[in-house]
Amino acid sequence: MLIIFLTMVVGGIVLLVASLPSIQSILRTLGAGRLRARWTWLHRLILGFLAGYGAFGAAHYGMATTQADLIVAAILLAGGGFVLMVARLSDMTTRDIVRTASLEHDIMRDPMTGAYNRRYLESPLDEEISRARRSNCSLSALMIDLDHFKHVNDTYGHQIGDDVIRHVSSLIMSQIRVSDILVRYGGEEFLVLTPDSASADANDLGNRLLHHIRSQSLTLPTGTILAATASIGVATLGDADTQAAFLRRADEALYEAKRAGRYTVHFAACQSVMATA
């Protein structure tokens, strides 16, 4: 009976030790925060169990083994198996969640700039339009296009062109609110969706972006200083606007800004615009 007892206790210890790599894998995956702290405490608790299992087995070594001892040892063995199973399932689940989040990030984000892409736009745009109408708040869109970007690519090459796009994206991001949505709408074209922004607010944001982009020049590896400019079209959601009509008015306003000589903000004609917030 002693051999059976020791086998079960040692088996429980082995199972607990086997669970530690899964716990450590979870800790490596998690960032700082309360969840990581809780898994850290669980890791320490398992180490405490290991010490307890060892002390229990050592205390009964050489002693007469009773049926009650065998029952306790069987419970410890089952407990070790349970901890191992939970640890491995948790590790697999954590990896799947991280992998899914990474895939969703890749699907929704433009890899070059980190801004959202057009694939992501439809759902939040629909939600913001519904919210604006339900709450009687304003919703504006700014269509931003870099001026003479083909000249940049032709003169400096596409790698520098990509650097300019990343640079401008970061400049736009630095000027908008957390609640605003930045989308890379096309090659050198961006869309800013700005909730709770009336016409005047959106127009002010457009002018601020216009001057910020021009004032923050980019120094090329050759030492050349390149100052980009942009043209911006602004539209505020109208009562009868669909998604397509709303964005089309912003795009048409951008076209008018280009026709007016570029480096300007053009506001789309109001069509029974929603009440201002």
# chains A, B, ... in the order shown; residues from 1 in each chain; ligands from 1

$ closest_atom_pairs --of "stretch 189-236 of chain A" --to "stretch 158-178 of chain A" --cutoff "9 Å" --atoms "only C-alpha atoms" --output "CSV"
residue,atom,partner,partner_atom,distance
A:Glu189,CA,A:Ile165,CA,8.9
A:Phe190,CA,A:Ser169,CA,8.0
A:Val192,CA,A:Ile176,CA,8.3
A:Thr194,CA,A:Arg177,CA,8.2
A:Leu205,CA,A:Ile176,CA,7.9
A:Arg208,CA,A:Gln175,CA,7.9
A:Leu209,CA,A:Ile172,CA,6.5
A:His212,CA,A:Leu171,CA,7.2
A:Ile213,CA,A:Leu171,CA,6.4
A:Gln216,CA,A:Leu171,CA,8.0
A:Ser217,CA,A:His167,CA,9.0
A:Leu218,CA,A:Val164,CA,7.3
A:Leu220,CA,A:Ile160,CA,7.7
A:Leu226,CA,A:Val164,CA,8.7
A:Ala228,CA,A:Val164,CA,7.7

$ write_last_selection --atoms "all heavy atoms" --output "compact mmCIF listing (two decimals), in the first residue's frame"
# COMPACT_ATOMS: atom_id res chain seq x y z
N GLU A 189 -4.74 59.18 -49.68
CA GLU A 189 -5.98 59.83 -49.24
C GLU A 189 -6.43 59.26 -47.90
O GLU A 189 -6.42 58.04 -47.70
CB GLU A 189 -7.07 59.62 -50.30
CG GLU A 189 -8.32 60.45 -50.08
CD GLU A 189 -9.30 60.32 -51.24
OE1 GLU A 189 -9.03 59.53 -52.18
OE2 GLU A 189 -10.31 61.03 -51.23
N PHE A 190 -6.81 60.15 -47.00
CA PHE A 190 -7.26 59.76 -45.67
C PHE A 190 -8.67 60.31 -45.42
O PHE A 190 -9.06 61.34 -45.98
CB PHE A 190 -6.32 60.30 -44.59
CG PHE A 190 -4.94 59.72 -44.63
CD1 PHE A 190 -3.94 60.33 -45.38
CD2 PHE A 190 -4.63 58.57 -43.92
CE1 PHE A 190 -2.66 59.80 -45.41
CE2 PHE A 190 -3.36 58.04 -43.95
CZ PHE A 190 -2.37 58.65 -44.70
N VAL A 192 -11.16 61.28 -42.07
CA VAL A 192 -11.35 61.42 -40.62
C VAL A 192 -12.84 61.53 -40.37
O VAL A 192 -13.50 62.44 -40.88
CB VAL A 192 -10.63 62.66 -40.05
CG1 VAL A 192 -10.97 62.83 -38.57
CG2 VAL A 192 -9.12 62.52 -40.23
N THR A 194 -15.50 62.31 -37.62
CA THR A 194 -15.44 63.02 -36.35
C THR A 194 -16.84 63.21 -35.76
O THR A 194 -17.59 64.09 -36.19
CB THR A 194 -14.68 64.36 -36.51
OG1 THR A 194 -14.73 65.09 -35.30
CG2 THR A 194 -15.21 65.20 -37.65
N LEU A 205 -11.01 71.95 -37.54
CA LEU A 205 -10.10 70.81 -37.56
C LEU A 205 -9.41 70.70 -38.90
O LEU A 205 -8.19 70.46 -38.97
CB LEU A 205 -10.87 69.51 -37.27
CG LEU A 205 -10.07 68.21 -37.39
CD1 LEU A 205 -8.87 68.22 -36.44
CD2 LEU A 205 -10.96 67.00 -37.13
N ARG A 208 -6.72 73.29 -39.08
CA ARG A 208 -5.61 72.94 -38.18
C ARG A 208 -4.74 71.84 -38.79
O ARG A 208 -3.51 71.90 -38.74
CB ARG A 208 -6.19 72.50 -36.83
CG ARG A 208 -5.12 72.34 -35.76
CD ARG A 208 -5.73 72.26 -34.37
NE ARG A 208 -6.47 71.03 -34.14
CZ ARG A 208 -7.79 70.97 -34.02
NH1 ARG A 208 -8.52 72.08 -34.11
NH2 ARG A 208 -8.40 69.83 -33.81
N LEU A 209 -5.39 70.85 -39.39
CA LEU A 209 -4.64 69.78 -40.06
C LEU A 209 -3.85 70.31 -41.24
O LEU A 209 -2.70 69.92 -41.46
CB LEU A 209 -5.61 68.69 -40.53
CG LEU A 209 -6.24 67.81 -39.46
CD1 LEU A 209 -7.31 66.91 -40.06
CD2 LEU A 209 -5.18 66.98 -38.75
N HIS A 212 -0.81 72.10 -39.90
CA HIS A 212 0.09 71.20 -39.16
C HIS A 212 0.88 70.32 -40.13
O HIS A 212 2.08 70.11 -39.94
CB HIS A 212 -0.72 70.34 -38.19
CG HIS A 212 0.13 69.55 -37.25
ND1 HIS A 212 0.99 70.13 -36.35
CD2 HIS A 212 0.26 68.20 -37.07
CE1 HIS A 212 1.60 69.18 -35.65
NE2 HIS A 212 1.19 68.01 -36.08
N ILE A 213 0.20 69.80 -41.15
CA ILE A 213 0.88 68.95 -42.14
C ILE A 213 1.98 69.73 -42.86
O ILE A 213 3.09 69.23 -43.06
CB ILE A 213 -0.13 68.38 -43.14
CG1 ILE A 213 -1.05 67.37 -42.43
CG2 ILE A 213 0.57 67.72 -44.33
CD1 ILE A 213 -2.23 66.90 -43.27
N GLN A 216 5.13 70.67 -40.43
CA GLN A 216 5.97 69.59 -39.92
C GLN A 216 6.63 68.87 -41.10
O GLN A 216 6.13 67.86 -41.60
CB GLN A 216 5.14 68.61 -39.08
CG GLN A 216 4.46 69.25 -37.89
CD GLN A 216 5.45 69.81 -36.89
OE1 GLN A 216 6.43 69.15 -36.54
NE2 GLN A 216 5.20 71.03 -36.43
N SER A 217 7.75 69.39 -41.54
CA SER A 217 8.42 68.83 -42.72
C SER A 217 9.12 67.52 -42.37
O SER A 217 9.38 67.20 -41.20
CB SER A 217 9.43 69.83 -43.28
OG SER A 217 10.36 70.19 -42.27
N LEU A 218 9.44 66.77 -43.41
CA LEU A 218 10.09 65.48 -43.27
C LEU A 218 11.51 65.59 -43.82
O LEU A 218 11.71 66.03 -44.96
CB LEU A 218 9.30 64.41 -44.03
CG LEU A 218 9.88 62.99 -44.04
CD1 LEU A 218 9.86 62.41 -42.63
CD2 LEU A 218 9.06 62.10 -44.99
N LEU A 220 14.61 63.86 -45.36
CA LEU A 220 14.94 62.63 -46.08
C LEU A 220 16.34 62.16 -45.71
O LEU A 220 17.15 62.93 -45.18
CB LEU A 220 14.83 62.87 -47.58
CG LEU A 220 13.50 63.44 -48.09
CD1 LEU A 220 13.51 63.52 -49.61
CD2 LEU A 220 12.33 62.61 -47.59
N LEU A 226 11.55 67.88 -46.96
CA LEU A 226 10.36 67.79 -47.81
C LEU A 226 9.14 68.21 -47.00
O LEU A 226 8.83 67.62 -45.96
CB LEU A 226 10.18 66.36 -48.32
CG LEU A 226 9.02 66.08 -49.26
CD1 LEU A 226 9.13 66.92 -50.53
CD2 LEU A 226 8.96 64.60 -49.61
N ALA A 228 5.19 68.52 -47.05
CA ALA A 228 3.98 68.07 -47.75
C ALA A 228 2.85 69.05 -47.51
O ALA A 228 2.80 69.74 -46.49
CB ALA A 228 3.59 66.67 -47.27

$ select_by_dssp --residues "stretch 60-268 of chain A" --states "alpha helix (DSSP H)" --output "PyMOL selection string"
chain A and resi 60+67-108+118-135+149-156+158-175+199-215+243-259

$ closest_atom_pairs --of "stretch 85-167 of chain A" --to "stretch 239-246 of chain A" --cutoff "10 Å" --atoms "only C-alpha atoms" --output "tab-separated table"
residue	atom	partner	partner_atom	distance
A:Glu122	CA	A:Gln243	CA	8.1
A:Leu125	CA	A:Gln243	CA	7.2
A:Asp126	CA	A:Gln243	CA	7.0
A:Ile129	CA	A:Gln243	CA	7.9
A:Arg133	CA	A:Asp239	CA	8.1
A:Leu139	CA	A:Phe246	CA	9.9
A:Ser140	CA	A:Phe246	CA	8.8
A:Ala141	CA	A:Phe246	CA	8.0

$ write_last_selection --atoms "N, CA, C and O atoms" --output "PDB file, in the first residue's frame"
ATOM      1  N   GLU A 122     -17.201  50.590 -42.929  1.00  0.00           N
ATOM      2  CA  GLU A 122     -18.658  50.512 -43.118  1.00  0.00           C
ATOM      3  C   GLU A 122     -19.415  50.370 -41.807  1.00  0.00           C
ATOM      4  O   GLU A 122     -20.386  51.083 -41.556  1.00  0.00           O
ATOM      5  N   LEU A 125     -19.139  53.531 -39.452  1.00  0.00           N
ATOM      6  CA  LEU A 125     -19.816  54.657 -40.086  1.00  0.00           C
ATOM      7  C   LEU A 125     -21.317  54.518 -39.927  1.00  0.00           C
ATOM      8  O   LEU A 125     -22.022  55.486 -39.604  1.00  0.00           O
ATOM      9  N   ASP A 126     -21.817  53.313 -40.126  1.00  0.00           N
ATOM     10  CA  ASP A 126     -23.251  53.063 -39.951  1.00  0.00           C
ATOM     11  C   ASP A 126     -23.666  53.315 -38.504  1.00  0.00           C
ATOM     12  O   ASP A 126     -24.706  53.935 -38.238  1.00  0.00           O
ATOM     13  N   ILE A 129     -23.632  57.159 -37.814  1.00  0.00           N
ATOM     14  CA  ILE A 129     -24.775  57.816 -38.443  1.00  0.00           C
ATOM     15  C   ILE A 129     -26.040  57.565 -37.625  1.00  0.00           C
ATOM     16  O   ILE A 129     -26.832  58.481 -37.358  1.00  0.00           O
ATOM     17  N   ARG A 133     -28.228  60.475 -35.506  1.00  0.00           N
ATOM     18  CA  ARG A 133     -29.663  60.731 -35.730  1.00  0.00           C
ATOM     19  C   ARG A 133     -30.483  60.429 -34.486  1.00  0.00           C
ATOM     20  O   ARG A 133     -31.448  61.139 -34.176  1.00  0.00           O
ATOM     21  N   LEU A 139     -22.375  64.969 -37.088  1.00  0.00           N
ATOM     22  CA  LEU A 139     -21.332  64.029 -37.514  1.00  0.00           C
ATOM     23  C   LEU A 139     -20.704  64.603 -38.771  1.00  0.00           C
ATOM     24  O   LEU A 139     -21.408  64.947 -39.719  1.00  0.00           O
ATOM     25  N   SER A 140     -19.381  64.729 -38.766  1.00  0.00           N
ATOM     26  CA  SER A 140     -18.692  65.297 -39.918  1.00  0.00           C
ATOM     27  C   SER A 140     -17.618  64.350 -40.418  1.00  0.00           C
ATOM     28  O   SER A 140     -17.136  63.487 -39.688  1.00  0.00           O
ATOM     29  N   ALA A 141     -17.274  64.527 -41.686  1.00  0.00           N
ATOM     30  CA  ALA A 141     -16.216  63.737 -42.315  1.00  0.00           C
ATOM     31  C   ALA A 141     -15.266  64.678 -43.039  1.00  0.00           C
ATOM     32  O   ALA A 141     -15.697  65.618 -43.693  1.00  0.00           O
TER      33      ALA A 141
END

$ closest_residue --among "A:Leu30, A:Val14, A:Leu89, A:Leu237" --to "A:Ala132" --atoms "only C-alpha atoms"
A:Leu237

$ residues_around --residues "A:Phe49" --least-positions-apart "3" --cutoff "10 Å" --atoms "only C-alpha atoms" --output "ChimeraX atom specification"
/A:12-13,16,43-46,52-55,76,79-80

$ residues_around --residues "A:Val17" --least-positions-apart "6" --cutoff "10 Å" --atoms "only C-alpha atoms" --output "MDAnalysis selection string"
chainID A and resid 11 46:47 50 80 83:84

$ write_last_selection --atoms "N, CA and C atoms" --output "mmCIF file, in the first residue's frame"
data_model
loop_
_atom_site.group_PDB
_atom_site.id
_atom_site.type_symbol
_atom_site.label_atom_id
_atom_site.label_comp_id
_atom_site.auth_asym_id
_atom_site.auth_seq_id
_atom_site.Cartn_x
_atom_site.Cartn_y
_atom_site.Cartn_z
ATOM 1 N N GLY A 11 2.985 11.090 -8.565
ATOM 2 C CA GLY A 11 2.249 11.377 -9.807
ATOM 3 C C GLY A 11 1.603 12.745 -9.777
ATOM 4 N N ILE A 46 0.595 27.126 -7.247
ATOM 5 C CA ILE A 46 0.988 25.786 -7.706
ATOM 6 C C ILE A 46 2.321 25.393 -7.089
ATOM 7 N N LEU A 47 3.246 26.351 -7.007
ATOM 8 C CA LEU A 47 4.523 26.064 -6.348
ATOM 9 C C LEU A 47 4.288 25.699 -4.880
ATOM 10 N N LEU A 50 3.080 22.183 -4.724
ATOM 11 C CA LEU A 50 4.201 21.256 -4.902
ATOM 12 C C LEU A 50 4.916 21.011 -3.572
ATOM 13 N N GLY A 80 -3.752 17.258 -9.237
ATOM 14 C CA GLY A 80 -2.651 17.584 -10.141
ATOM 15 C C GLY A 80 -3.062 17.463 -11.595
ATOM 16 N N VAL A 83 -5.297 20.501 -12.476
ATOM 17 C CA VAL A 83 -4.509 21.720 -12.674
ATOM 18 C C VAL A 83 -3.806 21.686 -14.020
ATOM 19 N N LEU A 84 -3.230 20.525 -14.381
ATOM 20 C CA LEU A 84 -2.545 20.404 -15.669
ATOM 21 C C LEU A 84 -3.513 20.632 -16.827
#

$ select_by_dssp --residues "stretch 40-214 of chain A" --states "strand (DSSP E)" --output "PyMOL selection string"
chain A and resi 116-117+139-146+181-184+189-195
